[in-house]
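Note: the block below is run.txt and it holds compact mmCIF, C-alpha atoms.
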# COMPACT_ATOMS: atom_id res chain seq x y z
CA MET A 1 39.17 101.30 -4.74
CA LEU A 2 41.35 98.20 -4.61
CA MET A 3 39.85 97.33 -1.23
CA GLU A 4 36.34 97.73 -2.61
CA ILE A 5 37.09 95.27 -5.44
CA LEU A 6 38.57 92.81 -2.92
CA VAL A 7 35.51 93.07 -0.64
CA SER A 8 33.13 92.67 -3.60
CA LEU A 9 35.03 89.62 -4.84
CA LEU A 10 35.05 88.03 -1.38
CA ILE A 11 31.32 88.46 -0.78
CA LEU A 12 30.48 87.15 -4.27
CA VAL A 13 32.67 84.07 -3.77
CA GLY A 14 31.23 83.63 -0.26
CA GLY A 15 27.64 83.89 -1.45
CA ALA A 16 28.32 81.46 -4.30
CA PHE A 17 29.83 78.84 -1.97
CA ALA A 18 27.04 79.26 0.61
CA LEU A 19 24.52 78.70 -2.19
CA LEU A 20 26.51 75.71 -3.48
CA GLY A 21 26.45 73.94 -0.12
CA SER A 22 22.70 74.43 0.11
CA VAL A 23 22.20 73.18 -3.47
CA GLY A 24 24.10 70.05 -2.44
CA LEU A 25 21.88 69.72 0.63
CA ALA A 26 18.74 69.96 -1.48
CA ARG A 27 19.87 67.93 -4.47
CA LEU A 28 21.88 64.89 -3.33
CA PRO A 29 19.90 61.68 -2.82
CA ASP A 30 21.34 60.21 0.43
CA PHE A 31 21.83 61.70 3.91
CA PHE A 32 25.55 60.97 4.08
CA MET A 33 26.06 62.55 0.66
CA ARG A 34 24.11 65.62 1.77
CA LEU A 35 26.43 65.98 4.73
CA HIS A 36 29.32 66.88 2.38
CA GLY A 37 27.83 70.10 0.99
CA PRO A 38 27.16 72.10 4.17
CA THR A 39 30.29 70.98 6.05
CA LYS A 40 32.69 72.17 3.37
CA ALA A 41 31.16 74.66 0.95
CA THR A 42 28.95 76.58 3.37
CA THR A 43 31.70 76.85 5.98
CA LEU A 44 34.14 78.29 3.43
CA GLY A 45 31.42 80.54 1.99
CA VAL A 46 30.52 82.09 5.32
CA GLY A 47 34.22 82.26 6.20
CA SER A 48 34.90 84.35 3.14
CA VAL A 49 31.90 86.65 3.79
CA VAL A 50 33.18 87.22 7.32
CA LEU A 51 36.65 87.88 5.89
CA ALA A 52 35.06 90.49 3.59
CA ALA A 53 33.48 92.15 6.64
CA LEU A 54 36.94 92.16 8.25
CA VAL A 55 38.58 93.88 5.25
CA HIS A 56 35.65 96.30 4.96
CA GLY A 57 35.46 97.08 8.69
CA GLY A 58 39.23 97.44 8.98
CA LEU A 59 39.03 100.48 6.69
CA GLY A 60 36.47 102.65 8.45
CA GLU A 61 36.17 101.61 12.08
CA GLU A 62 38.96 102.00 14.62
CA GLY A 63 39.98 98.93 16.64
CA GLY A 64 37.70 96.60 14.62
CA GLY A 65 39.03 93.86 12.39
CA LEU A 66 40.25 90.86 14.31
CA ARG A 67 36.87 90.27 15.95
CA GLU A 68 35.38 88.94 12.71
CA LEU A 69 38.19 86.39 12.58
CA ALA A 70 36.82 84.86 15.81
CA ILE A 71 33.60 83.86 14.01
CA THR A 72 35.51 82.21 11.14
CA LEU A 73 37.71 80.33 13.59
CA PHE A 74 34.65 79.24 15.57
CA LEU A 75 32.92 77.97 12.43
CA PHE A 76 35.98 76.05 11.26
CA ILE A 77 36.29 74.37 14.66
CA THR A 78 32.59 73.54 15.07
CA ALA A 79 31.76 72.38 11.50
CA PRO A 80 33.60 69.00 11.74
CA VAL A 81 32.19 68.39 15.23
CA THR A 82 28.65 68.99 13.96
CA ALA A 83 29.23 66.73 10.95
CA HIS A 84 30.65 63.99 13.13
CA LEU A 85 27.75 64.11 15.61
CA LEU A 86 25.18 64.21 12.80
CA SER A 87 26.65 61.16 11.09
CA LYS A 88 26.71 59.30 14.41
CA ALA A 89 23.07 60.26 14.98
CA ALA A 90 22.15 59.17 11.44
CA LEU A 91 23.86 55.79 11.93
CA ALA A 92 21.97 55.26 15.20
CA GLU A 93 18.69 56.31 13.57
CA ARG A 94 19.31 53.92 10.67
CA ARG A 95 20.01 51.00 13.05
CA ARG A 96 16.83 51.76 14.98
CA GLN A 97 14.74 51.81 11.79
CA GLU A 98 16.20 48.46 10.71
CA ARG A 99 15.27 46.99 14.09
CA THR A 100 11.67 48.19 13.95
CA GLN A 101 11.36 46.85 10.41
CA LYS A 102 12.49 43.42 11.56
CA GLN A 103 10.00 43.41 14.43
CA SER A 104 6.97 44.27 12.33
CA MET B 1 58.52 73.35 35.56
CA SER B 2 55.90 71.45 37.55
CA GLY B 3 55.08 74.64 39.48
CA PHE B 4 54.48 76.40 36.17
CA TYR B 5 51.96 73.74 35.11
CA ARG B 6 50.26 73.93 38.51
CA VAL B 7 49.51 77.64 38.03
CA LEU B 8 48.81 77.29 34.28
CA PRO B 9 47.66 73.73 33.58
CA GLN B 10 46.79 74.61 29.97
CA PRO B 11 49.15 77.34 28.74
CA VAL B 12 47.80 77.29 25.18
CA MET B 13 44.20 77.55 26.36
CA SER B 14 45.11 80.41 28.71
CA LEU B 15 46.67 82.29 25.78
CA LEU B 16 43.56 81.63 23.65
CA ILE B 17 41.23 82.92 26.39
CA LEU B 18 43.29 86.08 26.87
CA GLY B 19 43.50 86.67 23.10
CA LEU B 20 39.78 86.10 22.57
CA TRP B 21 38.88 88.38 25.48
CA LEU B 22 41.01 91.23 24.12
CA ILE B 23 39.62 90.72 20.59
CA LEU B 24 36.02 90.83 21.82
CA ALA B 25 36.57 93.79 24.16
CA PRO B 26 35.52 97.16 22.71
CA ALA B 27 38.95 98.67 23.46
CA PRO B 28 42.11 97.01 24.86
CA THR B 29 42.41 99.11 28.03
CA LEU B 30 44.39 98.14 31.15
CA GLY B 31 41.22 97.00 32.93
CA GLN B 32 40.29 94.69 30.07
CA VAL B 33 43.80 93.18 30.07
CA LEU B 34 43.50 92.56 33.84
CA ILE B 35 40.08 90.88 33.52
CA GLY B 36 41.42 88.80 30.62
CA LEU B 37 44.43 87.71 32.67
CA ILE B 38 42.25 86.73 35.64
CA LEU B 39 39.98 84.68 33.36
CA ALA B 40 42.97 83.11 31.56
CA ILE B 41 44.29 81.84 34.89
CA ALA B 42 41.00 81.06 36.66
CA LEU B 43 39.13 79.21 33.89
CA PRO B 44 41.73 76.48 33.13
CA TRP B 45 42.31 76.07 36.87
CA ALA B 46 38.59 75.71 37.62
CA THR B 47 38.04 73.19 34.82
CA ARG B 48 41.32 71.26 35.23
CA GLY B 49 39.51 68.11 36.40
CA PHE B 50 37.56 67.84 33.17
CA TRP B 51 40.47 67.84 30.72
CA PRO B 52 41.98 64.53 29.67
CA ASP B 53 45.76 64.27 29.60
CA ARG B 54 46.83 65.12 26.14
CA PRO B 55 50.13 65.07 24.32
CA ARG B 56 51.98 68.39 24.21
CA LEU B 57 52.70 69.98 20.88
CA THR B 58 56.38 69.24 20.30
CA ASN B 59 57.24 70.00 16.67
CA ILE B 60 56.16 73.55 15.72
CA GLY B 61 57.72 73.38 12.23
CA ALA B 62 55.79 70.22 11.35
CA ALA B 63 52.61 71.82 12.74
CA LEU B 64 53.01 74.89 10.50
CA ARG B 65 53.71 72.68 7.46
CA LEU B 66 50.58 70.63 8.21
CA LEU B 67 48.55 73.84 8.58
CA ALA B 68 49.72 75.05 5.15
CA VAL B 69 48.88 71.70 3.51
CA PHE B 70 45.50 71.74 5.29
CA LEU B 71 44.55 75.27 4.20
CA ALA B 72 45.47 74.53 0.58
CA ASP B 73 43.45 71.31 0.72
CA VAL B 74 40.38 73.10 2.14
CA ILE B 75 40.25 75.36 -0.93
CA MET B 76 40.91 72.39 -3.26
CA ALA B 77 38.23 70.39 -1.43
CA ASN B 78 35.63 73.04 -2.11
CA LEU B 79 36.40 73.20 -5.83
CA VAL B 80 36.23 69.40 -6.08
CA VAL B 81 32.97 69.19 -4.10
CA ALA B 82 31.53 72.06 -6.18
CA ARG B 83 32.10 70.08 -9.38
CA GLN B 84 30.63 66.93 -7.86
CA ILE B 85 27.50 68.69 -6.54
CA LEU B 86 26.79 70.54 -9.79
CA GLY B 87 27.67 67.57 -12.04
CA PRO B 88 25.51 64.52 -12.71
CA VAL B 89 24.54 63.11 -9.32
CA GLY B 90 23.88 59.58 -10.58
CA ARG B 91 27.52 59.09 -11.52
CA LEU B 92 28.79 59.55 -7.93
CA ARG B 93 29.79 56.41 -6.06
CA PRO B 94 29.46 57.15 -2.31
CA ALA B 95 30.94 54.60 0.08
CA PHE B 96 32.05 54.05 3.66
CA LEU B 97 35.76 53.52 4.17
CA GLU B 98 37.67 52.16 7.16
CA VAL B 99 41.04 53.76 7.83
CA PRO B 100 43.17 51.72 10.27
CA LEU B 101 45.05 54.16 12.52
CA ASP B 102 48.62 53.97 13.75
CA LEU B 103 48.16 56.68 16.38
CA ARG B 104 46.85 55.77 19.82
CA ASP B 105 45.66 59.06 21.30
CA PRO B 106 42.02 60.14 21.54
CA PHE B 107 42.80 63.86 21.19
CA VAL B 108 44.98 63.42 18.09
CA ALA B 109 42.44 61.00 16.59
CA THR B 110 39.73 63.67 17.02
CA LEU B 111 42.00 66.21 15.36
CA LEU B 112 42.54 63.82 12.45
CA GLY B 113 38.78 63.30 12.17
CA SER B 114 38.20 67.07 12.02
CA ILE B 115 40.86 67.53 9.33
CA VAL B 116 39.38 64.67 7.29
CA SER B 117 35.91 66.25 7.55
CA LEU B 118 37.12 69.55 6.08
CA THR B 119 39.16 68.09 3.19
CA PRO B 120 38.27 66.66 -0.27
CA GLY B 121 35.12 64.56 -0.49
CA THR B 122 35.45 62.89 2.93
CA VAL B 123 33.54 63.23 6.22
CA SER B 124 34.60 61.29 9.30
CA ALA B 125 31.63 59.30 10.62
CA GLU B 126 32.94 57.45 13.65
CA ILE B 127 36.17 56.91 15.58
CA ASP B 128 36.38 53.36 16.92
CA ARG B 129 38.66 53.57 19.97
CA GLU B 130 38.73 49.82 20.56
CA ARG B 131 40.03 48.81 17.17
CA TRP B 132 41.52 52.26 16.39
CA VAL B 133 39.71 52.58 13.10
CA LEU B 134 38.46 55.84 11.62
CA GLN B 135 35.25 55.37 9.67
CA VAL B 136 35.06 57.81 6.76
CA HIS B 137 32.26 58.53 4.30
CA VAL B 138 33.53 59.33 0.81
CA LEU B 139 31.34 61.24 -1.66
CA HIS B 140 32.93 59.66 -4.71
CA LEU B 141 35.21 56.65 -4.23
CA GLU B 142 37.41 55.42 -7.04
CA ASP B 143 40.07 53.31 -5.33
CA SER B 144 39.66 52.54 -1.63
CA ALA B 145 43.29 51.45 -1.03
CA GLU B 146 44.56 54.65 -2.64
CA ALA B 147 42.17 56.81 -0.60
CA VAL B 148 43.25 55.17 2.69
CA ALA B 149 46.93 55.58 1.80
CA LEU B 150 46.36 59.26 0.95
CA ILE B 151 44.71 60.03 4.31
CA LYS B 152 47.44 58.18 6.21
CA ALA B 153 50.36 59.78 4.36
CA ARG B 154 48.96 63.29 4.04
CA TYR B 155 47.43 63.87 7.49
CA GLU B 156 48.12 61.05 9.94
CA ALA B 157 51.89 60.85 9.48
CA PRO B 158 52.42 64.64 9.93
CA LEU B 159 50.07 64.64 12.97
CA ARG B 160 52.11 61.90 14.58
CA LYS B 161 55.24 63.92 13.91
CA VAL B 162 53.66 67.06 15.45
CA PHE B 163 52.57 65.32 18.67
CA ARG B 164 55.15 62.47 18.78
CA CYS B 165 52.66 59.71 19.45
CA MET C 1 31.19 97.93 -7.43
CA LEU C 2 30.13 97.11 -3.89
CA THR C 3 26.61 98.46 -4.47
CA LEU C 4 26.25 95.92 -7.27
CA ALA C 5 27.92 92.97 -5.51
CA LEU C 6 25.97 93.28 -2.24
CA PRO C 7 22.44 92.67 -3.58
CA VAL C 8 23.72 89.77 -5.69
CA ALA C 9 25.42 88.13 -2.70
CA ILE C 10 22.39 88.74 -0.43
CA GLY C 11 20.18 87.20 -3.12
CA MET C 12 22.41 84.12 -3.34
CA VAL C 13 22.39 83.62 0.44
CA ALA C 14 18.61 84.14 0.53
CA LEU C 15 18.17 81.50 -2.18
CA ALA C 16 20.43 79.16 -0.19
CA MET C 17 18.23 79.70 2.88
CA ALA C 18 15.11 78.95 0.82
CA LEU C 19 16.70 75.64 -0.25
CA ASN C 20 17.54 74.85 3.41
CA LEU C 21 13.93 75.57 4.35
CA TRP C 22 12.73 73.20 1.62
CA ARG C 23 14.96 70.45 2.97
CA LEU C 24 13.78 71.22 6.51
CA VAL C 25 10.15 70.70 5.50
CA GLN C 26 10.88 67.80 3.17
CA GLY C 27 12.90 65.70 5.63
CA PRO C 28 12.70 62.72 5.21
CA ASP C 29 14.45 61.81 8.50
CA LEU C 30 15.31 63.60 11.72
CA PRO C 31 19.06 63.93 10.93
CA ASP C 32 18.17 65.56 7.59
CA ARG C 33 16.10 68.16 9.37
CA ILE C 34 18.80 68.86 11.94
CA LEU C 35 21.37 69.27 9.16
CA ALA C 36 19.02 71.64 7.32
CA LEU C 37 18.46 73.67 10.50
CA ASP C 38 22.22 73.88 11.16
CA THR C 39 22.92 75.02 7.60
CA LEU C 40 20.10 77.57 7.91
CA GLY C 41 21.88 78.94 10.98
CA ILE C 42 25.24 79.19 9.21
CA ASN C 43 23.61 80.96 6.26
CA THR C 44 21.97 83.36 8.73
CA ILE C 45 25.45 84.37 9.91
CA ALA C 46 26.41 85.17 6.30
CA LEU C 47 23.20 87.20 5.81
CA VAL C 48 23.72 89.16 9.05
CA MET C 49 27.36 89.94 8.12
CA LEU C 50 26.29 91.06 4.62
CA LEU C 51 23.65 93.37 6.14
CA GLY C 52 26.34 94.69 8.47
CA ILE C 53 28.52 95.59 5.46
CA ALA C 54 25.55 97.08 3.59
CA LEU C 55 24.44 99.29 6.48
CA GLY C 56 27.96 100.15 7.61
CA SER C 57 27.40 99.08 11.22
CA VAL C 58 29.50 96.94 13.57
CA VAL C 59 26.56 96.10 15.88
CA TYR C 60 25.71 93.19 13.57
CA PHE C 61 28.90 91.40 14.58
CA GLU C 62 27.50 90.54 18.02
CA ALA C 63 24.31 89.16 16.47
CA ALA C 64 26.34 86.96 14.11
CA LEU C 65 28.48 85.64 16.98
CA ILE C 66 25.42 84.76 19.05
CA VAL C 67 23.72 83.02 16.10
CA ALA C 68 26.93 81.01 15.53
CA MET C 69 27.15 79.88 19.16
CA MET C 70 23.44 79.13 19.65
CA GLY C 71 23.30 77.24 16.36
CA PHE C 72 26.19 75.00 17.33
CA VAL C 73 24.89 74.29 20.82
CA GLY C 74 21.39 73.61 19.47
CA THR C 75 22.66 71.16 16.86
CA VAL C 76 24.77 69.29 19.42
CA ALA C 77 21.80 69.07 21.80
CA LEU C 78 19.51 67.70 19.08
CA CYS C 79 22.12 65.12 18.00
CA LYS C 80 22.60 64.05 21.60
CA PHE C 81 18.83 63.64 21.89
CA ILE C 82 18.80 61.21 18.95
CA LEU C 83 21.84 59.35 20.26
CA SER C 84 20.61 58.91 23.81
CA GLY C 85 17.15 57.87 22.57
CA ASP C 86 18.84 54.76 21.26
CA ILE C 87 19.05 52.33 24.15
CA ILE C 88 21.61 49.96 22.60
CA GLU C 89 24.15 52.72 21.85
Could you write out this file's structure as structure tokens?
Amino acid sequence: MLMEILVSLLILVGGAFALLGSVGLARLPDFFMRLHGPTKATTLGVGSVVLAALVHGGLGEEGGGLRELAITLFLFITAPVTAHLLSKAALAERRRQERTQKQS
Amino acid sequence: MSGFYRVLPQPVMSLLILGLWLILAPAPTLGQVLIGLILAIALPWATRGFWPDRPRLTNIGAALRLLAVFLADVIMANLVVARQILGPVGRLRPAFLEVPLDLRDPFVATLLGSIVSLTPGTVSAEIDRERWVLQVHVLHLEDSAEAVALIKARYEAPLRKVFRC
Amino acid sequence: MLTLALPVAIGMVALAMALNLWRLVQGPDLPDRILALDTLGINTIALVMLLGIALGSVVYFEAALIVAMMGFVGTVALCKFILSGDIIE
């Protein structure tokens, strides 16, 4: 019973944060501002959903449990790398647009 | 000691490979442990030419303290960003910020950039390895000097203590 | 409790994916679309894990792991494409 409440709470919090990151992505006016939503909120949201799966799976299945943690760890390592590469790409794209504007 | 590093050039990575293999295996049988051990030794050895020299982790206590601060900040960061995203967008003042770094190690600088990306209202945009400046985008900037000092005191100083660089 | 929370959470993630799709179509630039695609991938992981909980199966874990890895590699490849397209960089 207690576990069920914990799992429910975790998936609700996770879903809310995943939605929040996407709202930020859709709503904010500038690319670099949009970058903030998905890198933080969505990563934590999905992390907490995966954690819920861990708590839930740890009850019924044998052996299961730690495997879900691998996904969370992977997401937390890759999210900053993705954000960093995207901002570098956006800066390059912006420089290129400025150059073509000057030429025309 | 040098013989140890010749067999296991990256002890931490070897441990990670073995751990990940056993976690992903359907059941931790003796055969799976053996395959994991072979991979944990063979993979770092086969890729040893690709890895840059990096500072060894020297201060475990400082590392654990930094991890605790970081995890607390990740949760705080999300609450702060949640309020900023749902609040009036026009009132946000986004800005680029240049953080001059004291550390001089590419690996530790990357680690700092990753930490900055996952904590309150900041995303690292570029690491300039000639001037050693970390370029950061801030979602809502109030005082740039204060923000720079916060990043340096909260994350850079502990990182330098962890890796002694 | 869980039977009530699961549809709500799945609905929230689905709405998030709809917003990602809107940003993917809307653009306006290439980096915006890549970011939208990456976020869509991360939300897919959440959806797959939620379905795994709902249907009581562990098979979904492998699917989620593969989506996570392919999403990351795809995003990095697309970013590299933009970066190397710039001759000055």
* Asked: Residues at most 10 Å from segment 72-86 of chain C, counting all atoms listed in the file, excluding those fewer than 2 positions away in the same chain, as a PyMOL selection string?
  -> (chain A and resi 74-75+78-79+81-93+95-96) or (chain C and resi 30-31+34-35+37-38+41-42+66-70+88-89)
* **chain B contacts to chain C at 12 Å (all atoms listed in the file) as JSON, numbers by chain** => {"B": [24, 25, 26]}
What are the residues of chain A lining chain B at 6 Å or less? Count all atoms listed in the file, and put the answer as a PDB file with C-alpha atoms, in the frame of the given file.
ATOM      1  CA  GLY A  24      24.100  70.050  -2.440  1.00  0.00           C
ATOM      2  CA  MET A  33      26.060  62.550   0.660  1.00  0.00           C
ATOM      3  CA  LYS A  40      32.690  72.170   3.370  1.00  0.00           C
ATOM      4  CA  ALA A  41      31.160  74.660   0.950  1.00  0.00           C
ATOM      5  CA  ARG A  67      36.870  90.270  15.950  1.00  0.00           C
ATOM      6  CA  PRO A  80      33.600  69.000  11.740  1.00  0.00           C
ATOM      7  CA  HIS A  84      30.650  63.990  13.130  1.00  0.00           C
ATOM      8  CA  SER A  87      26.650  61.160  11.090  1.00  0.00           C
TER       9      SER A  87
END
Please report as JSON lines every residue of chain A lying within 7 Å of chain C, along with the nearest atom pair and their distance in Å (one decimal), using only C-alpha atoms.
{"residue": "A:Glu4", "atom": "CA", "partner": "C:Leu2", "partner_atom": "CA", "distance": 6.4}
{"residue": "A:Ile5", "atom": "CA", "partner": "C:Met1", "partner_atom": "CA", "distance": 6.8}
{"residue": "A:Ser8", "atom": "CA", "partner": "C:Leu2", "partner_atom": "CA", "distance": 5.4}
{"residue": "A:Ile11", "atom": "CA", "partner": "C:Ala9", "partner_atom": "CA", "distance": 6.2}
{"residue": "A:Leu12", "atom": "CA", "partner": "C:Ala9", "partner_atom": "CA", "distance": 5.4}
{"residue": "A:Gly15", "atom": "CA", "partner": "C:Ala9", "partner_atom": "CA", "distance": 4.9}
{"residue": "A:Ala16", "atom": "CA", "partner": "C:Met12", "partner_atom": "CA", "distance": 6.6}
{"residue": "A:Ala18", "atom": "CA", "partner": "C:Val13", "partner_atom": "CA", "distance": 6.4}
{"residue": "A:Leu19", "atom": "CA", "partner": "C:Ala16", "partner_atom": "CA", "distance": 4.6}
{"residue": "A:Ser22", "atom": "CA", "partner": "C:Ala16", "partner_atom": "CA", "distance": 5.3}
{"residue": "A:Val23", "atom": "CA", "partner": "C:Leu19", "partner_atom": "CA", "distance": 6.8}
{"residue": "A:Ala26", "atom": "CA", "partner": "C:Arg23", "partner_atom": "CA", "distance": 5.9}
{"residue": "A:Phe31", "atom": "CA", "partner": "C:Asp32", "partner_atom": "CA", "distance": 6.5}
{"residue": "A:Pro38", "atom": "CA", "partner": "C:Thr39", "partner_atom": "CA", "distance": 6.2}
{"residue": "A:Val46", "atom": "CA", "partner": "C:Ala46", "partner_atom": "CA", "distance": 5.2}
{"residue": "A:Val49", "atom": "CA", "partner": "C:Ala46", "partner_atom": "CA", "distance": 6.2}
{"residue": "A:Val50", "atom": "CA", "partner": "C:Met49", "partner_atom": "CA", "distance": 6.5}
{"residue": "A:Ala53", "atom": "CA", "partner": "C:Ile53", "partner_atom": "CA", "distance": 6.2}
{"residue": "A:Ile71", "atom": "CA", "partner": "C:Leu65", "partner_atom": "CA", "distance": 6.2}
{"residue": "A:Thr78", "atom": "CA", "partner": "C:Phe72", "partner_atom": "CA", "distance": 6.9}
{"residue": "A:Thr82", "atom": "CA", "partner": "C:Val76", "partner_atom": "CA", "distance": 6.7}
{"residue": "A:Leu85", "atom": "CA", "partner": "C:Cys79", "partner_atom": "CA", "distance": 6.2}
{"residue": "A:Leu86", "atom": "CA", "partner": "C:Cys79", "partner_atom": "CA", "distance": 6.1}
{"residue": "A:Ala89", "atom": "CA", "partner": "C:Leu83", "partner_atom": "CA", "distance": 5.5}
{"residue": "A:Ala90", "atom": "CA", "partner": "C:Pro31", "partner_atom": "CA", "distance": 5.7}
{"residue": "A:Ala92", "atom": "CA", "partner": "C:Leu83", "partner_atom": "CA", "distance": 6.5}
Grab the residues selected above and save them as an mmCIF file, in the frame of the given file with C-alpha atoms.
data_model
loop_
_atom_site.group_PDB
_atom_site.id
_atom_site.type_symbol
_atom_site.label_atom_id
_atom_site.label_comp_id
_atom_site.auth_asym_id
_atom_site.auth_seq_id
_atom_site.Cartn_x
_atom_site.Cartn_y
_atom_site.Cartn_z
ATOM 1 C CA GLU A 4 36.340 97.730 -2.610
ATOM 2 C CA ILE A 5 37.090 95.270 -5.440
ATOM 3 C CA SER A 8 33.130 92.670 -3.600
ATOM 4 C CA ILE A 11 31.320 88.460 -0.780
ATOM 5 C CA LEU A 12 30.480 87.150 -4.270
ATOM 6 C CA GLY A 15 27.640 83.890 -1.450
ATOM 7 C CA ALA A 16 28.320 81.460 -4.300
ATOM 8 C CA ALA A 18 27.040 79.260 0.610
ATOM 9 C CA LEU A 19 24.520 78.700 -2.190
ATOM 10 C CA SER A 22 22.700 74.430 0.110
ATOM 11 C CA VAL A 23 22.200 73.180 -3.470
ATOM 12 C CA ALA A 26 18.740 69.960 -1.480
ATOM 13 C CA PHE A 31 21.830 61.700 3.910
ATOM 14 C CA PRO A 38 27.160 72.100 4.170
ATOM 15 C CA VAL A 46 30.520 82.090 5.320
ATOM 16 C CA VAL A 49 31.900 86.650 3.790
ATOM 17 C CA VAL A 50 33.180 87.220 7.320
ATOM 18 C CA ALA A 53 33.480 92.150 6.640
ATOM 19 C CA ILE A 71 33.600 83.860 14.010
ATOM 20 C CA THR A 78 32.590 73.540 15.070
ATOM 21 C CA THR A 82 28.650 68.990 13.960
ATOM 22 C CA LEU A 85 27.750 64.110 15.610
ATOM 23 C CA LEU A 86 25.180 64.210 12.800
ATOM 24 C CA ALA A 89 23.070 60.260 14.980
ATOM 25 C CA ALA A 90 22.150 59.170 11.440
ATOM 26 C CA ALA A 92 21.970 55.260 15.200
#
* **Surrounding residues of Val99 of chain B excluding itself and chain neighbours under 5 positions, 7 Å, all atoms listed in the file, as number ranges by chain** => B: 133-135, 148
Residues just named, written with C-alpha atoms as a short mmCIF file (atom, residue, chain, number, x, y, z; two decimals), keeping the file's coordinate frame:
data_model
loop_
_atom_site.label_atom_id
_atom_site.label_comp_id
_atom_site.auth_asym_id
_atom_site.auth_seq_id
_atom_site.Cartn_x
_atom_site.Cartn_y
_atom_site.Cartn_z
CA VAL B 133 39.71 52.58 13.10
CA LEU B 134 38.46 55.84 11.62
CA GLN B 135 35.25 55.37 9.67
CA VAL B 148 43.25 55.17 2.69
#
Let me have the centre and edge lengths in Å, one decimal, of the box along x, y and z around every listed atom of segment 3-21 of chain C with 8 Å of margin on each side, as AutoDock Vina command-line options.
--center_x 20.9 --center_y 86.7 --center_z -1.5 --size_x 30.0 --size_y 39.6 --size_z 27.6
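Coordinates place atom CA of Gly47 of chain A at a distance of 19.8 Å from atom CA of Gly19 of chain B.
In this structure, atom CA of Glu130 of chain B sits 17.1 Å away from atom CA of Leu97 of chain B.
For the pair atom CA of Gln10 of chain B and atom CA of Leu69 of chain A, the separation is 22.7 Å.
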At a cut-off of 9 Å, using all atoms listed in the file, what residues contact segment 154-165 of chain B? Leave out same-chain residues fewer than 4 positions from it and give the result as a PDB file with C-alpha atoms, keeping the file's coordinate frame.
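Result written to part-v2.pdb:
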ATOM      1  CA  PRO B  55      50.130  65.070  24.320  1.00  0.00           C
ATOM      2  CA  ARG B  56      51.980  68.390  24.210  1.00  0.00           C
ATOM      3  CA  LEU B  57      52.700  69.980  20.880  1.00  0.00           C
ATOM      4  CA  THR B  58      56.380  69.240  20.300  1.00  0.00           C
ATOM      5  CA  ASN B  59      57.240  70.000  16.670  1.00  0.00           C
ATOM      6  CA  ILE B  60      56.160  73.550  15.720  1.00  0.00           C
ATOM      7  CA  GLY B  61      57.720  73.380  12.230  1.00  0.00           C
ATOM      8  CA  ALA B  62      55.790  70.220  11.350  1.00  0.00           C
ATOM      9  CA  ALA B  63      52.610  71.820  12.740  1.00  0.00           C
ATOM     10  CA  ARG B  65      53.710  72.680   7.460  1.00  0.00           C
ATOM     11  CA  LEU B  66      50.580  70.630   8.210  1.00  0.00           C
ATOM     12  CA  VAL B  69      48.880  71.700   3.510  1.00  0.00           C
ATOM     13  CA  PHE B  70      45.500  71.740   5.290  1.00  0.00           C
ATOM     14  CA  LEU B 101      45.050  54.160  12.520  1.00  0.00           C
ATOM     15  CA  ASP B 102      48.620  53.970  13.750  1.00  0.00           C
ATOM     16  CA  LEU B 103      48.160  56.680  16.380  1.00  0.00           C
ATOM     17  CA  ARG B 104      46.850  55.770  19.820  1.00  0.00           C
ATOM     18  CA  ASP B 105      45.660  59.060  21.300  1.00  0.00           C
ATOM     19  CA  VAL B 108      44.980  63.420  18.090  1.00  0.00           C
ATOM     20  CA  ALA B 109      42.440  61.000  16.590  1.00  0.00           C
ATOM     21  CA  LEU B 111      42.000  66.210  15.360  1.00  0.00           C
ATOM     22  CA  LEU B 112      42.540  63.820  12.450  1.00  0.00           C
ATOM     23  CA  ILE B 115      40.860  67.530   9.330  1.00  0.00           C
ATOM     24  CA  VAL B 116      39.380  64.670   7.290  1.00  0.00           C
ATOM     25  CA  ALA B 149      46.930  55.580   1.800  1.00  0.00           C
ATOM     26  CA  LEU B 150      46.360  59.260   0.950  1.00  0.00           C
TER      27      LEU B 150
END
